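Asker: Quick one: the structure is below, questions incoming.
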Number of protein chains: 2
Amino acid sequence: MDFSISNFFDRNRKTKTGDFQDLEHIDGLSVSSVSCGLYEKNRDDLVLFYFRDKASHASVFTQSKAISENIKWNKKIKSKKITALLINTRNANALTGSEGFNSLKKISLNLSELLTNKQKKDEDIPRKIDSNEILFACTGTIGERFPFEKIINKLPKLIDQIKYTQNKYIWVKAALGIMTTDTKPKLSMSECKIGSANVRVYGVAKGSGMIFPNMATTLGFIFTDANLNSKLLKKILSKNIKTTFNAISCDGDTSTNDMVSIFATNKADHANIKTVSDPKLKNFDKAVHEVLLNLAKRVVADGEGASKFISINCINCKNEKDAREISFSIANSPLVKTAIAGEDPNWGRIVMSVGKSNAKVDIKKLSIKIGPYKVFTKGILDKDYKESNVADYMKNDSLELTVDLSLGKKYFTAYTMDLTKNYIAINTDYRS
Amino acid sequence: MDFSISNFFDRNRKTKTGDFQDLEHIDGLSVSSVSCGLYEKNRDDLVLFYFRDKASHASVFTQSKAISENIKWNKKIKSKKITALLINTRNANALTGSEGFNSLKKISLNLSELLTNKQKKDEDIPRKIDSNEILFACTGTIGERFPFEKIINKLPKLIDQIKYTQNKYIWVKAALGIMTTDTKPKLSMSECKIGSANVRVYGVAKGSGMIFPNMATTLGFIFTDANLNSKLLKKILSKNIKTTFNAISCDGDTSTNDMVSIFATNKADHANIKTVSDPKLKNFDKAVHEVLLNLAKRVVADGEGASKFISINCINCKNEKDAREISFSIANSPLVKTAIAGEDPNWGRIVMSVGKSNAKVDIKKLSIKIGPYKVFTKGILDKDYKESNVADYMKNDSLELTVDLSLGKKYFTAYTMDLTKNYIAINTDYRS
C-alpha cells in the first residue's frame, strides 16, 4: 500500500463504485494528520477534525456487547456541541479495561489544553475547551495496550498543522491516515440547498474487515456546514444509516469499535430548522443519504481481498425484516461469495442461502436474476437460462443479484463483496 | 484425491480426530458401490445399502426451506420398515422440480423390481419389494438436471455386487463412494450390549462444505443390528443429534440435502424394548452418541480446506440457547477462523464474536482460555498471559477454546475448523 499522496488523484479516480470525488473547504472545520509511529512503516496514523467554533453532532455506535474504551467514552459525552474528533489507527483500544479508558482521559486533557492555547492565539474571542468536548475514534488490533504516550507526544505537531482552509490534498491525507487494511481512501461529497443557502455534505470512511451490522460498520464521518442542532442530526443519521452503513456486510463480523457520526459547523446562512419534517430539509436529507451510501459502498468494494462489488436486491417480500434477513443470508454466505470470486454462475448456492434464512419463503414462488438474466423462475430453472450468458456477466467487477419472493411489496438492498484467497491472506497475518 | 483402496488403511489410520476404525459385518445389511460415470474421473458415485429382511429407520433432515427432491421423497415415505438406501454423489437433485422428483420415482420402480428378482433368487421366502421401501440420499451440485439414466443403467451391476457378508474393504469403498469434496472417507463404529446381546453400531458420513445446523449437515448414516422399532430409533436419533451433527459448523451454510439416518436390521437377539427410557438401552444410546460424534468431528476435521480442528466450549451460561449461540458465533466468525489458520493468538477476535452474538453477555465477567492458557480473565487480559505460550499451543492441529460466561451453569460445545486459502480454492472452482 502506497500512502503517498503524489499522483494519487489520477491513479485512483476510477473505482468500482463510481469516480473519486474531490473535497474542498467546509467553514468552521480544520483537518490535520500526522504520524505518531503506531505502525512500523512510515504513514499517518493520527487525524484531528477540529471545529474552531464547535459543532453539533450525532453518532451511531456498534451494537456489540464488547465495546471499545473510546466508544464507552463517546457514549458518556453529553455536550450538545463538541470541539474535536481525534482518530487513531493500529490500536482499537478495545478490551483494554480502565487503563485504556484512562489513556483517553489523559489525551483529552492534553488535547483540550493545547486547543485552548490555540484559541488564545488565533481567535478574537477565545474560549476554554473542556475535555468532554472531544470524541475519539480508534481502529486496529483489539486487546493490545493503548500507546497513549506516542499519541500525546505528537499532539503539538498535529495542532501546529491546523489550517483554516481545507483542500482536496488535506482531505485525502486524512482519509489515508484513518485506514487500516483498506487499500483505498474513502471520500464522498454532495452539495444541496437548505432554503436559499448552499450547503456542503462531505464524508470520509474506513473499512475493511469486521463489516456487518448491526450497526454500521467501521468508521464513517460526515461533515456539513448546515445550521442544524444535534437532535435533528441524530434523526437524520438514524434514518439514513439503515439503508447505507447498515446495509453492508463484508464478512458478517461486527467490530467493537464501529462508529458513524455527523458533525455540523452551523456556518451556513439559512433559516432556523425546527423539525426533521421541515420540507426545507428534504434535499439535505437526500444529500446525507447519498454521501453515506457512497461511503458504505466504497467500504464494501474495498472489503478485505474484494475483487467484486455485489448488490443484492431482495424484492416483493412480506416485510422489510424478511427482505433484510434474506439479503444478508446471501451476502454472508461463504459459498455464494466464493462462487462469485470464481465467476461461477452457481445459482444453486443463492437458493441455498435463501432457504437457510429464517425468513418466510415459498420456493415455488421464488425467482432469481443475476444481472439482467433470469436464472430461476417460480421455483425452477428459467426456460431461457443460458449459463454462458451469466458466466460472461459475472466477469464484471460490479454485480447485481435480484431475489424476488413474490410474497408482498417490501424490499431491501444489501451490499457485499466476494470472498477471495486474499481475504484469507490478509486475515491470517493481520498483525504481522 | 486418490479413490483407490489399496494401501488406504495404513495411510489414513491416524487422523486429527482419532484413529481410523475398521468396520466389519452387520447381520441383515449388504453394502455395494459402483461408478455410473457421474464424475469425469473414474470413481464410485453410487452406493446401495440393502436390508434383505428390511430395517426399521429414522431420519432427521435439513431445515432449509429449499429442500432437494430426494428429501421431499424421503419425507413422503411412511413405511415403518424400508429395504434400501441409495446414495449418489455429484448431483444434489435439488431445485430440479417435478422432473427431479419423477427421476427418483423411475429409479425406485427399477430398483425395487431388481431387488424383488434378487429376493426370488436368494431367499427361502422371497418378498416383493415396493418402491416406497427405498430412501434416497443425493449430494453434489444444486440445480443441474438429475442424470437418472446413468444411475438406472448401473443398477444391475450394483445389485450383482451384493454380498451377504461385509468387511472393512466394502465399507471403505462405500465411504469413498459417497464423498464429494471430502479428502478422507468417514467411518466410525462402537459395540455395546442390549441386555446380554452384543450389538454393533456402525456409521459412515460425508462432508464437507455447507456444514451448519440446523439441522445436521451433509450425510450421515448409522447402521445397527439392534432390534428396535422406528419410533424408538427416532427418539434416540433426535436426542443425540443435538450435541453431534447439530454441534458442528464449517462455514455457516446449510445444504438443501442434509440428512442423518439410523437403520436397524433387528437381527440382534435381545429382549423386546418398549420405551426409550428402558435402562437396557443406556449403553446403546451411548454407542449411538459416540458414533455420531465421531463422524461429526470427522466431517469438521475434513471441512473444506481445513488445517485445524477446533472445539469451542462455552461454559457457565445462563441457558443452553445462549451457550449454543455464542459457540456458533465464534465457530462461524471468518476473522476467528483465519486467525487460527494463521496460528495467531488474536484473542480479541474471539471476544469480538462473543460480543456480536445475541446472547446475554457481561464482558466484565467473561473469561477465555486457549487450550490450557488463560488469556482473558473477568474482562481484561490475564495477568499471566504470555503470547509466546499461546502461539506455541496454536501450532497443534487440534485446538480447544473455552469461553466462560460466569452467568449460570449451562454449556455447549461446538466443533469447527479454520478458514484457509484452500477453502477458497475449493469453492471458487467446485464445479470444474
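Letters A, B, ... mark the chains of the C-alpha cells in the order given; residue numbers begin at 1 per chain; ligand numbers begin at 1, in order shown.
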Within 6 Å of chain B, which residues of chain A show up? Give each one with its shortest atom-to-atom distance in Å (one decimal) and the two atoms involved, counting only C-alpha atoms, rows by chain then rising residue number, as JSON lines.

Answerer:
{"residue": "A:Ser64", "atom": "CA", "partner": "B:Lys356", "partner_atom": "CA", "distance": 4.6}
{"residue": "A:Lys65", "atom": "CA", "partner": "B:Gly355", "partner_atom": "CA", "distance": 4.4}
{"residue": "A:Ala66", "atom": "CA", "partner": "B:Gly355", "partner_atom": "CA", "distance": 4.6}
{"residue": "A:Gly97", "atom": "CA", "partner": "B:Ile380", "partner_atom": "CA", "distance": 6.0}
{"residue": "A:Ile142", "atom": "CA", "partner": "B:Gly348", "partner_atom": "CA", "distance": 4.9}
{"residue": "A:Gly143", "atom": "CA", "partner": "B:Gly348", "partner_atom": "CA", "distance": 5.5}
{"residue": "A:Thr254", "atom": "CA", "partner": "B:Lys356", "partner_atom": "CA", "distance": 5.9}
{"residue": "A:Thr338", "atom": "CA", "partner": "B:Thr428", "partner_atom": "CA", "distance": 5.0}
{"residue": "A:Ala339", "atom": "CA", "partner": "B:Thr428", "partner_atom": "CA", "distance": 4.9}
{"residue": "A:Gly342", "atom": "CA", "partner": "B:Thr428", "partner_atom": "CA", "distance": 4.2}
{"residue": "A:Gly348", "atom": "CA", "partner": "B:Ile142", "partner_atom": "CA", "distance": 4.9}
{"residue": "A:Gly355", "atom": "CA", "partner": "B:Lys65", "partner_atom": "CA", "distance": 4.4}
{"residue": "A:Lys356", "atom": "CA", "partner": "B:Ser64", "partner_atom": "CA", "distance": 4.6}
{"residue": "A:Ile380", "atom": "CA", "partner": "B:Gly97", "partner_atom": "CA", "distance": 5.9}
{"residue": "A:Lys421", "atom": "CA", "partner": "B:Lys421", "partner_atom": "CA", "distance": 5.0}
{"residue": "A:Ile424", "atom": "CA", "partner": "B:Lys421", "partner_atom": "CA", "distance": 5.8}
{"residue": "A:Asn427", "atom": "CA", "partner": "B:Thr338", "partner_atom": "CA", "distance": 5.6}
{"residue": "A:Thr428", "atom": "CA", "partner": "B:Gly342", "partner_atom": "CA", "distance": 4.2}

Asker: With N, CA and C atoms kept, could you save the residues just selected as a CSV table (one decimal), in the first residue's frame?

Answerer:
chain,number,residue,atom,x,y,z
A,64,SER,N,-22.4,-4.3,19.4
A,64,SER,CA,-21.7,-5.4,20.1
A,64,SER,C,-21.8,-5.2,21.6
A,65,LYS,N,-21.8,-6.3,22.3
A,65,LYS,CA,-21.7,-6.2,23.8
A,65,LYS,C,-20.3,-6.0,24.3
A,66,ALA,N,-19.3,-6.2,23.3
A,66,ALA,CA,-17.9,-5.9,23.7
A,66,ALA,C,-17.5,-4.7,23.0
A,97,GLY,N,-9.7,-2.4,29.2
A,97,GLY,CA,-10.1,-2.1,30.6
A,97,GLY,C,-9.9,-0.6,31.0
A,142,ILE,N,-7.5,-5.4,18.5
A,142,ILE,CA,-8.2,-5.5,19.8
A,142,ILE,C,-7.2,-6.0,20.9
A,143,GLY,N,-7.3,-5.5,22.1
A,143,GLY,CA,-6.7,-6.1,23.3
A,143,GLY,C,-5.3,-5.8,23.5
A,254,THR,N,-18.7,-8.2,13.4
A,254,THR,CA,-19.0,-6.9,13.9
A,254,THR,C,-17.9,-6.4,14.8
A,338,THR,N,-17.7,-17.2,-2.6
A,338,THR,CA,-16.6,-17.8,-3.3
A,338,THR,C,-17.0,-18.2,-4.7
A,339,ALA,N,-18.2,-18.5,-4.9
A,339,ALA,CA,-18.7,-18.8,-6.3
A,339,ALA,C,-18.5,-17.5,-7.2
A,342,GLY,N,-15.1,-16.9,-8.1
A,342,GLY,CA,-14.7,-17.8,-9.2
A,342,GLY,C,-15.4,-17.5,-10.5
A,348,GLY,N,-27.4,-22.2,-7.6
A,348,GLY,CA,-28.0,-23.1,-6.5
A,348,GLY,C,-27.6,-22.6,-5.2
A,355,GLY,N,-32.9,-20.3,1.3
A,355,GLY,CA,-33.5,-21.4,2.0
A,355,GLY,C,-33.1,-21.5,3.5
A,356,LYS,N,-31.9,-21.1,3.8
A,356,LYS,CA,-31.4,-21.3,5.1
A,356,LYS,C,-31.7,-20.1,6.0
A,380,ILE,N,-38.2,-23.1,-10.5
A,380,ILE,CA,-37.4,-23.9,-11.3
A,380,ILE,C,-36.4,-23.1,-12.2
A,421,LYS,N,-9.0,-15.6,-1.9
A,421,LYS,CA,-7.8,-16.0,-1.2
A,421,LYS,C,-7.1,-14.9,-0.5
A,424,ILE,N,-8.2,-14.3,3.0
A,424,ILE,CA,-7.6,-15.2,4.0
A,424,ILE,C,-6.1,-14.7,4.2
A,427,ASN,N,-6.1,-11.8,6.6
A,427,ASN,CA,-6.5,-12.1,7.9
A,427,ASN,C,-5.7,-13.1,8.7
A,428,THR,N,-5.0,-13.9,8.0
A,428,THR,CA,-4.1,-14.9,8.7
A,428,THR,C,-2.9,-14.2,9.2

Asker: I need the strand (DSSP E) residues of range 121-361 of chain B per DSSP on the backbone, written as a ChimeraX atom specification.

Answerer: /B:134-138,186-194,197-206,219-224,248-249,259-264,309-317

Asker: Those residues you just picked out, can you put them in a file as a short mmCIF file (atom, residue, chain, number, x, y, z; two decimals), in the first residue's frame with C-alpha atoms?

Answerer:
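New file out.cif:
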data_model
loop_
_atom_site.label_atom_id
_atom_site.label_comp_id
_atom_site.auth_asym_id
_atom_site.auth_seq_id
_atom_site.Cartn_x
_atom_site.Cartn_y
_atom_site.Cartn_z
CA ILE B 134 -36.49 -47.09 -0.78
CA LEU B 135 -34.83 -43.95 0.60
CA PHE B 136 -32.56 -41.66 -1.39
CA ALA B 137 -29.61 -39.52 -0.44
CA CYS B 138 -28.16 -37.16 -3.04
CA LYS B 186 -15.54 -41.07 7.27
CA LEU B 187 -16.32 -44.23 9.18
CA SER B 188 -16.92 -44.94 12.83
CA MET B 189 -18.03 -47.85 14.99
CA SER B 190 -18.94 -48.84 18.50
CA GLU B 191 -20.11 -52.02 20.16
CA CYS B 192 -22.35 -52.40 23.17
CA LYS B 193 -24.78 -54.74 24.84
CA ILE B 194 -28.55 -54.57 24.97
CA ALA B 197 -26.83 -59.47 23.32
CA ASN B 198 -23.84 -57.88 21.60
CA VAL B 199 -24.93 -55.06 19.34
CA ARG B 200 -22.96 -53.23 16.66
CA VAL B 201 -23.35 -49.56 15.80
CA TYR B 202 -21.60 -48.58 12.57
CA GLY B 203 -21.61 -45.29 10.75
CA VAL B 204 -20.47 -43.59 7.55
CA ALA B 205 -20.68 -39.91 6.67
CA LYS B 206 -19.60 -37.34 4.15
CA LEU B 219 -24.93 -37.03 5.03
CA GLY B 220 -24.56 -39.38 7.99
CA PHE B 221 -25.83 -42.94 8.23
CA ILE B 222 -25.85 -45.19 11.26
CA PHE B 223 -26.40 -48.94 10.90
CA THR B 224 -27.09 -51.34 13.74
CA ILE B 248 -20.71 -28.63 14.00
CA SER B 249 -20.15 -25.83 11.54
CA MET B 259 -29.79 -35.92 6.14
CA VAL B 260 -28.76 -38.15 9.02
CA SER B 261 -30.44 -41.54 9.35
CA ILE B 262 -30.30 -44.61 11.52
CA PHE B 263 -31.21 -48.10 10.32
CA ALA B 264 -31.71 -51.19 12.48
CA PHE B 309 -9.89 -28.97 14.13
CA ILE B 310 -11.36 -26.63 16.76
CA SER B 311 -13.55 -27.43 19.77
CA ILE B 312 -15.32 -24.43 21.27
CA ASN B 313 -16.57 -24.93 24.81
CA CYS B 314 -18.95 -22.28 26.00
CA ILE B 315 -19.49 -22.81 29.73
CA ASN B 316 -21.35 -21.31 32.70
CA CYS B 317 -24.05 -19.71 30.55
#

Asker: Between B:Ala55, B:Ala226, B:Val390, B:Ile107, which one has atoms that come closest to Tyr373 in chain B, using only C-alpha atoms?

Answerer: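 Smallest separation from Tyr373 in chain B among the options: B:Val390.
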
Asker: Out of A:Leu114, A:Ala268, A:Cys36, A:Val288, which residue has the shortest atom-to-atom distance to Leu237 in chain A when counting only C-alpha atoms?

Answerer: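 Of A:Leu114, A:Ala268, A:Cys36, A:Val288, the one nearest Leu237 in chain A, counting only C-alpha atoms, is A:Val288.
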